[in-house]
Amino acid sequence: MLKSKHLIGLEHFPVSDLNKIIDTSFKFKDILQTESRKAILLKGKTVVNMFFENSTRTKISFSLAEKRLGADSINFSASTSSVKKGETLKDTVQNIESMKIDGAVIRHGHPGSALKLTEYIDGAVINAGDGSHEHPTQAILDMVTLKEKFGKIKGLKVGIIGDILNSRVARSDIFALKKLGAEVVVCGPSTLLPSDAKKLGINITYNLDEVLNWCDAVIALRIQLERMHLGRIPSKREYHSEFGLTFERISKLKKDIVIMHPGPMNRGVEIDSKVADSDNAVILDQVLNGVASRMSILYLLLGEGDMEI
Amino acid sequence: MIESKSTKKLLFKSGRIIDPFTKKTFNGDILVENGKISKISDSISSRGKDYQVVDCKGLVITHGFCDIHAHFREPGREDKETLESGSFAAIGGGFTQVCTMANTDPIIDSPEHIHYVVSKSSKLPIDIFPIGAVSKGLKGEDLTEMLLMQKNGAIAFSDDGMPIQNAQFMKLALTYAKMLDVPVMNHAEDIFLRNNGVMNASATSNNLGLKGNTSLAEAVMVYRDLLLAQSLSSKLHLLHISTKQTVDLLKQFKKKNSLITSEVSPHHLFFIDEDVNAFDTSLKVAPPVRGKDDRKALIEGIKSGLIDCIATDHAPHTIEDKETTFNDAEFGMIGLESCFGAVNKVLVKQNGMSLKSLIEKLTVNPRKVMNLEQDLFSIGCKAQITIFDPNEKWIFTNEHILSKSSNSPYLGKELIGRVKYVVSKNQFFSI
């Protein structure tokens, strides 16, 4: 099936695996659009969803993907578990592992937690976001959305706007886009941009209009408002005026560009409502593609043999 | 006192024209029509023309001076200085462009405040460029809306008066300002090392029983700022440098980095700590006037071009603020009107700097730091002209002061070199 046993991050993920996941996602998307919306391919498999950090869309998306594949899933969230009682990650995980599970989906606030998990359990580990390290399933669903829209990713011009420095979405998107041959420009306040852009093979600019005029698609990132209190941005007003996908900016463009956002959105800060709800926005397609992509990931990591789907 | 006239057609005859931009020096005439430079040549005939002729024999004609560091106290302390009174003090000193610091009341820390200064200054006889605060409320904690402030006319950013003590905040400020391609100007004095000192820590401060402010307070923070600016490739401007250690650090860093600039104030070139011997509060200033060796290093630094420019740090205070004990007196002195006579005396007359080089430090160099137009003597340029007698000896007195305040340590001192005429914003001033 795949060369990889786990999906921890995209930095070192084989491009053949990435392509396989993306291509298979389209098959699952077709299934999701049938009446049954199901493909019972993981019958008898048990997946545990471990969310040590809050999540709405990723958690629901994984649960739904598991259900559509007929897997048994159990949910675990840190706020209602023994983690609150001071249990270590290792103990928590090994207890769950001893209950015989085939796969684990983990969201955790600390970078490296998904990788750590692979040492404790035998099943496949899927990273659903580890601190500001990586969010590979989000990047994969973004690639699926781009490929769906443009037919290919090679040669696409993609702008990523916002807090690149602290965003796991940005990092995974950059790795995926570079692997698949897209050109990437990131844009945001200088205090939220990485200093190693050259190493990542991307270009940096502070001029949003320049990016918008250049790109085929733009990914606006959620600006974490607490960054304001860490002194990295002076105000919502300034951010919106200089780095927000405003209706005025978008309507001035001479061409249509595809507008993406991983959610949750701060409407009126990084994106205007009128832009988020416009025909060019594929933000809700991203959500549906998220379920298809996660089905593809779960199936390819946990499934047995190449089943015809 | 100064006298102003309109500049419909003014012919400046037979002056020594020094153009610090093209670096050309020649004896000649300049014709200004409707506020613009219309002709510069060896000789312009006024025969049959309705030119108002100004005889400039023995005088130097050069660009209007530019001061990138002044406090005009408006809004908030209009009793000390207003944008208008400050403008006239500037004209009196030969300055046609002034950058004003943000530590007014309220502090200039938002686009709205910048807009206020810009709109209040538009009709004044000089160009005023507000410098915005780096941090909200000068607290050194939260960045100001620099991008929006720049759009409203902020020319650079500084918390001058308040050192940026937090290194992480300074790093963020330098990083953020990089987007705007403008310098962050830090008042470099480590507040803990400064330790409430009121004058230079020295034998004099010990003798007077005054608390000393060590030169290390400046050097330590300057070193930090230089390291940060170098590693971030950001623009950093060192304000009012006062110590030999700072000059030595500049030597080390400036070679590798053209984004680092600095200024020295006339009083750090003119006075030393020993001059404070009678508790003269007009010499209480931050950073303090330092020792002989510091002064010498600063003079060498400005002569060699290591220090980019001269900036007055014009800081008006009321009589009450200064007529008190040395401990209680405010920091700062006015400096616009006395600037040229002071620096010309020290640098050109006493220390062998060329007049051309001094002019650069008052014209093209400060404009370069602030990214202002430096080529002022091209035909069609808005006339910004300063005309001075480089040799006139004069005693600086209250009647030379155009500022609302008179806290000057130069009162009663002999200065050499005196500004005679200024053309600025379509007005001609005879001083």
# chains A, B, ... in the order shown; residues from 1 in each chain; ligands from 1
$ closest_atom_pairs --of "chain B" --to "chain A" --cutoff "7 Å" --atoms "only C-alpha atoms" --output "tab-separated table"
residue	atom	partner	partner_atom	distance
B:Glu141	CA	A:Gly231	CA	6.8
B:Asp142	CA	A:Gly231	CA	5.0
B:Leu143	CA	A:Pro234	CA	5.0
B:Thr144	CA	A:Pro234	CA	5.4
B:Glu145	CA	A:Pro234	CA	5.3
B:Leu148	CA	A:Glu238	CA	6.4
B:Leu172	CA	A:Thr191	CA	6.3
B:Thr175	CA	A:Thr191	CA	5.8
B:Tyr176	CA	A:Ser190	CA	5.4
B:Met179	CA	A:Ser190	CA	6.4
$ residues_around --residues "Ile204 (chain A)" --least-positions-apart "6" --cutoff "8 Å" --atoms "only C-alpha atoms" --output "PyMOL selection string"
chain A and resi 185-187+193+197
$ write_last_selection --atoms "N, CA and C atoms" --output "PDB file, in the first residue's frame"
ATOM      1  N   VAL A 185       4.782  31.435  -2.424  1.00  0.00           N
ATOM      2  CA  VAL A 185       5.190  32.708  -1.839  1.00  0.00           C
ATOM      3  C   VAL A 185       4.418  32.879  -0.544  1.00  0.00           C
ATOM      4  N   VAL A 186       5.125  33.221   0.519  1.00  0.00           N
ATOM      5  CA  VAL A 186       4.429  33.485   1.772  1.00  0.00           C
ATOM      6  C   VAL A 186       4.457  34.979   2.056  1.00  0.00           C
ATOM      7  N   CYS A 187       3.408  35.426   2.712  1.00  0.00           N
ATOM      8  CA  CYS A 187       3.265  36.858   2.972  1.00  0.00           C
ATOM      9  C   CYS A 187       2.644  37.062   4.341  1.00  0.00           C
ATOM     10  N   LEU A 193       6.993  35.760  10.026  1.00  0.00           N
ATOM     11  CA  LEU A 193       7.540  35.006   8.895  1.00  0.00           C
ATOM     12  C   LEU A 193       8.810  34.276   9.329  1.00  0.00           C
ATOM     13  N   ALA A 197      13.426  30.977   4.950  1.00  0.00           N
ATOM     14  CA  ALA A 197      12.640  30.837   3.730  1.00  0.00           C
ATOM     15  C   ALA A 197      13.433  30.182   2.606  1.00  0.00           C
TER      16      ALA A 197
END
$ residues_around --residues "Ser354 (chain B)" --least-positions-apart "6" --cutoff "12 Å" --atoms "only C-alpha atoms" --output "PDB file with C-alpha atoms, in the first residue's frame"
ATOM      1  CA  ILE B  18      28.439  74.361  -1.664  1.00  0.00           C
ATOM      2  CA  ILE B 302      32.107  62.648  13.086  1.00  0.00           C
ATOM      3  CA  LYS B 303      35.235  63.816  11.257  1.00  0.00           C
ATOM      4  CA  SER B 304      36.015  60.370   9.903  1.00  0.00           C
ATOM      5  CA  GLY B 305      32.443  59.828   8.711  1.00  0.00           C
ATOM      6  CA  VAL B 343      29.524  72.595  15.687  1.00  0.00           C
ATOM      7  CA  ASN B 344      31.302  74.871  13.225  1.00  0.00           C
ATOM      8  CA  LYS B 345      33.385  76.261  16.082  1.00  0.00           C
ATOM      9  CA  VAL B 346      34.306  72.876  17.535  1.00  0.00           C
ATOM     10  CA  LEU B 347      34.675  70.834  14.385  1.00  0.00           C
ATOM     11  CA  VAL B 348      35.831  73.225  11.687  1.00  0.00           C
ATOM     12  CA  GLU B 360      27.173  66.965   4.696  1.00  0.00           C
ATOM     13  CA  LYS B 361      26.527  66.045   8.320  1.00  0.00           C
ATOM     14  CA  PRO B 390      31.242  80.681   8.317  1.00  0.00           C
TER      15      PRO B 390
END
$ residues_around --residues "Ile387 (chain B)" --least-positions-apart "3" --cutoff "7 Å" --atoms "only C-alpha atoms" --output "list of chain:residue names"
B:Leu59, B:Val60, B:Ile61, B:Thr62, B:Val419, B:Lys420, B:Tyr421, B:Val422
$ select_by_dssp --residues "region 129-253 of chain A" --states "strand (DSSP E or B)" --output "list of chain:residue names"
A:Gly129, A:Asp130, A:Lys157, A:Val158, A:Gly159, A:Ile160, A:Ile161, A:Glu183, A:Val184, A:Val185, A:Val186, A:Cys187, A:Asn203, A:Ile204, A:Thr205, A:Ala217, A:Val218, A:Ile219, A:Ala220, A:Leu245
$ closest_atom_pairs --of "region 10-75 of chain A" --to "region 129-136 of chain A" --cutoff "12 Å" --atoms "only C-alpha atoms" --output "Markdown table"
| residue | atom | partner | partner_atom | distance |
| --- | --- | --- | --- | --- |
| A:Leu10 | CA | A:Pro136 | CA | 5.9 |
| A:Glu11 | CA | A:Glu134 | CA | 8.7 |
| A:His12 | CA | A:Pro136 | CA | 11.2 |
| A:Phe13 | CA | A:Pro136 | CA | 9.7 |
| A:Leu18 | CA | A:Pro136 | CA | 10.1 |
| A:Ile21 | CA | A:Pro136 | CA | 11.5 |
| A:Met50 | CA | A:Gly129 | CA | 11.0 |
| A:Phe51 | CA | A:Gly129 | CA | 9.6 |
| A:Phe52 | CA | A:Asp130 | CA | 9.7 |
| A:Glu53 | CA | A:Gly129 | CA | 9.1 |
| A:Asn54 | CA | A:Gly129 | CA | 10.7 |
| A:Ser55 | CA | A:Gly129 | CA | 9.8 |
| A:Thr58 | CA | A:Gly129 | CA | 9.1 |
| A:Lys59 | CA | A:Gly129 | CA | 10.8 |
$ residues_around --residues "Gly93 (chain B)" --least-positions-apart "6" --cutoff "9 Å" --atoms "only C-alpha atoms" --output "PDB file with C-alpha atoms, in the first residue's frame"
ATOM      1  CA  PHE B  65      19.790  71.864   7.218  1.00  0.00           C
ATOM      2  CA  GLY B 335      19.650  73.278  20.400  1.00  0.00           C
ATOM      3  CA  LEU B 336      18.386  74.427  17.033  1.00  0.00           C
ATOM      4  CA  GLU B 337      19.431  78.093  17.048  1.00  0.00           C
ATOM      5  CA  SER B 338      22.905  77.464  18.437  1.00  0.00           C
ATOM      6  CA  CYS B 339      23.684  74.325  16.458  1.00  0.00           C
ATOM      7  CA  PHE B 340      25.657  75.635  13.522  1.00  0.00           C
ATOM      8  CA  GLY B 341      27.723  78.148  15.493  1.00  0.00           C
ATOM      9  CA  ARG B 418      26.106  82.267  11.889  1.00  0.00           C
ATOM     10  CA  VAL B 419      23.073  81.602   9.758  1.00  0.00           C
ATOM     11  CA  ILE B 431      17.871  86.126  10.470  1.00  0.00           C
TER      12      ILE B 431
END
$ residues_around --residues "His69 (chain B)" --least-positions-apart "6" --cutoff "8 Å" --atoms "only C-alpha atoms" --output "list in words"
Val98, Cys99, Thr100, Met101, Ala311, Thr312, Asp313 and His314 of chain B
$ select_by_dssp --residues "region 53-270 of chain A" --states "alpha helix (DSSP H)" --output "VMD selection string"
chain A and resid 57 to 68 89 to 97 113 to 120 136 to 150 168 to 179 197 to 200 208 to 214 226 to 229 236 to 243 247 to 252
$ atom_distance --atom1 "CA of His268 (chain B)" --atom2 "CA of Arg290 (chain B)"
7.1 Å
$ atom_distance --atom1 "CA of Gly212 (chain B)" --atom2 "CA of Val285 (chain B)"
12.5 Å
$ atom_distance --atom1 "CA of Asp272 (chain A)" --atom2 "CA of Leu180 (chain B)"
24.7 Å
$ closest_residue --among "A:Ile96, A:Val105, A:Leu117, A:Leu146" --to "Ser61 (chain A)" --atoms "only C-alpha atoms"
A:Val105
$ decode --residues "region 67-176 of chain B" --atoms "C-alpha atoms" --output "short mmCIF file (atom, residue, chain, number, x, y, z; two decimals), in the first residue's frame"
data_model
loop_
_atom_site.label_atom_id
_atom_site.label_comp_id
_atom_site.auth_asym_id
_atom_site.auth_seq_id
_atom_site.Cartn_x
_atom_site.Cartn_y
_atom_site.Cartn_z
CA ASP B 67 17.48 67.88 11.99
CA ILE B 68 16.32 64.32 12.53
CA HIS B 69 15.92 64.65 16.27
CA ALA B 70 13.89 67.40 17.94
CA HIS B 71 11.17 67.69 20.55
CA PHE B 72 8.45 70.20 19.71
CA ARG B 73 6.26 69.34 22.74
CA GLU B 74 2.95 69.72 20.87
CA PRO B 75 0.52 68.22 21.70
CA GLY B 76 0.50 68.56 25.46
CA ARG B 77 3.20 70.97 26.52
CA GLU B 78 2.55 73.95 24.30
CA ASP B 79 3.94 76.12 27.09
CA LYS B 80 7.40 74.72 26.27
CA GLU B 81 7.17 74.63 22.48
CA THR B 82 4.61 74.34 19.73
CA LEU B 83 5.02 72.99 16.24
CA GLU B 84 4.92 76.60 15.13
CA SER B 85 7.43 78.03 17.61
CA GLY B 86 9.68 75.07 16.99
CA SER B 87 9.55 75.81 13.28
CA PHE B 88 10.83 79.31 13.83
CA ALA B 89 13.58 78.05 16.13
CA ALA B 90 14.52 75.71 13.28
CA ILE B 91 14.59 78.53 10.74
CA GLY B 92 16.76 80.53 13.14
CA GLY B 93 19.24 77.68 13.10
CA GLY B 94 19.13 77.20 9.33
CA PHE B 95 16.97 74.06 9.42
CA THR B 96 14.28 73.60 6.78
CA GLN B 97 13.32 70.06 7.73
CA VAL B 98 12.87 68.65 11.21
CA CYS B 99 11.84 65.21 12.44
CA THR B 100 9.97 65.44 15.71
CA MET B 101 10.01 62.86 18.47
CA ALA B 102 6.93 61.04 19.73
CA ASN B 103 7.20 61.64 23.48
CA THR B 104 4.52 64.32 23.63
CA ASP B 105 1.34 64.15 25.66
CA PRO B 106 -0.53 62.29 24.27
CA ILE B 107 2.23 60.17 22.83
CA ILE B 108 2.40 59.93 19.04
CA ASP B 109 1.66 56.22 18.96
CA SER B 110 -1.22 55.85 16.50
CA PRO B 111 -2.00 56.80 12.90
CA GLU B 112 -4.47 59.36 14.24
CA HIS B 113 -1.76 61.10 16.26
CA ILE B 114 0.59 61.11 13.28
CA HIS B 115 -2.17 62.61 11.21
CA TYR B 116 -2.62 65.33 13.81
CA VAL B 117 1.02 66.39 13.68
CA VAL B 118 1.13 66.24 9.90
CA SER B 119 -1.99 68.33 9.42
CA LYS B 120 -1.01 70.83 12.10
CA SER B 121 2.37 71.28 10.43
CA SER B 122 1.28 71.62 6.83
CA LYS B 123 1.17 75.41 6.81
CA LEU B 124 4.29 75.98 8.88
CA PRO B 125 7.42 77.40 7.24
CA ILE B 126 9.45 74.18 7.50
CA ASP B 127 8.76 70.53 6.73
CA ILE B 128 7.96 68.62 9.90
CA PHE B 129 8.14 64.84 9.76
CA PRO B 130 6.78 63.09 12.82
CA ILE B 131 8.66 60.11 14.20
CA GLY B 132 6.14 57.63 15.58
CA ALA B 133 6.49 55.75 18.83
CA VAL B 134 7.79 52.19 18.59
CA SER B 135 5.67 50.99 21.49
CA LYS B 136 2.20 51.95 22.60
CA GLY B 137 2.49 54.51 25.37
CA LEU B 138 6.32 54.26 25.16
CA LYS B 139 5.98 51.31 27.50
CA GLY B 140 8.21 48.99 25.53
CA GLU B 141 5.58 46.24 25.50
CA ASP B 142 3.30 46.41 22.45
CA LEU B 143 4.21 47.47 18.94
CA THR B 144 2.43 50.47 17.48
CA GLU B 145 0.58 50.30 14.18
CA MET B 146 3.72 51.21 12.27
CA LEU B 147 2.36 50.31 8.84
CA LEU B 148 -0.69 52.54 9.22
CA MET B 149 1.39 55.25 10.89
CA GLN B 150 3.81 55.28 7.98
CA LYS B 151 0.90 55.65 5.57
CA ASN B 152 -0.16 58.70 7.57
CA GLY B 153 3.28 60.28 7.43
CA ALA B 154 5.47 58.74 10.14
CA ILE B 155 9.02 58.93 8.88
CA ALA B 156 10.68 56.57 11.38
CA PHE B 157 10.05 55.10 14.81
CA SER B 158 11.50 55.90 18.20
CA ASP B 159 10.61 55.73 21.88
CA ASP B 160 13.22 58.47 22.45
CA GLY B 161 13.26 59.54 26.06
CA MET B 162 12.47 55.97 27.06
CA PRO B 163 15.10 53.33 26.36
CA ILE B 164 13.72 50.06 24.96
CA GLN B 165 14.92 47.91 27.80
CA ASN B 166 13.35 44.58 26.77
CA ALA B 167 15.63 42.92 24.22
CA GLN B 168 12.88 40.68 22.85
CA PHE B 169 10.70 43.73 22.24
CA MET B 170 13.61 45.51 20.52
CA LYS B 171 14.08 42.45 18.32
CA LEU B 172 10.40 42.45 17.36
CA ALA B 173 10.46 46.20 16.70
CA LEU B 174 13.50 45.90 14.43
CA THR B 175 11.83 42.97 12.67
CA TYR B 176 8.53 44.76 12.20
#
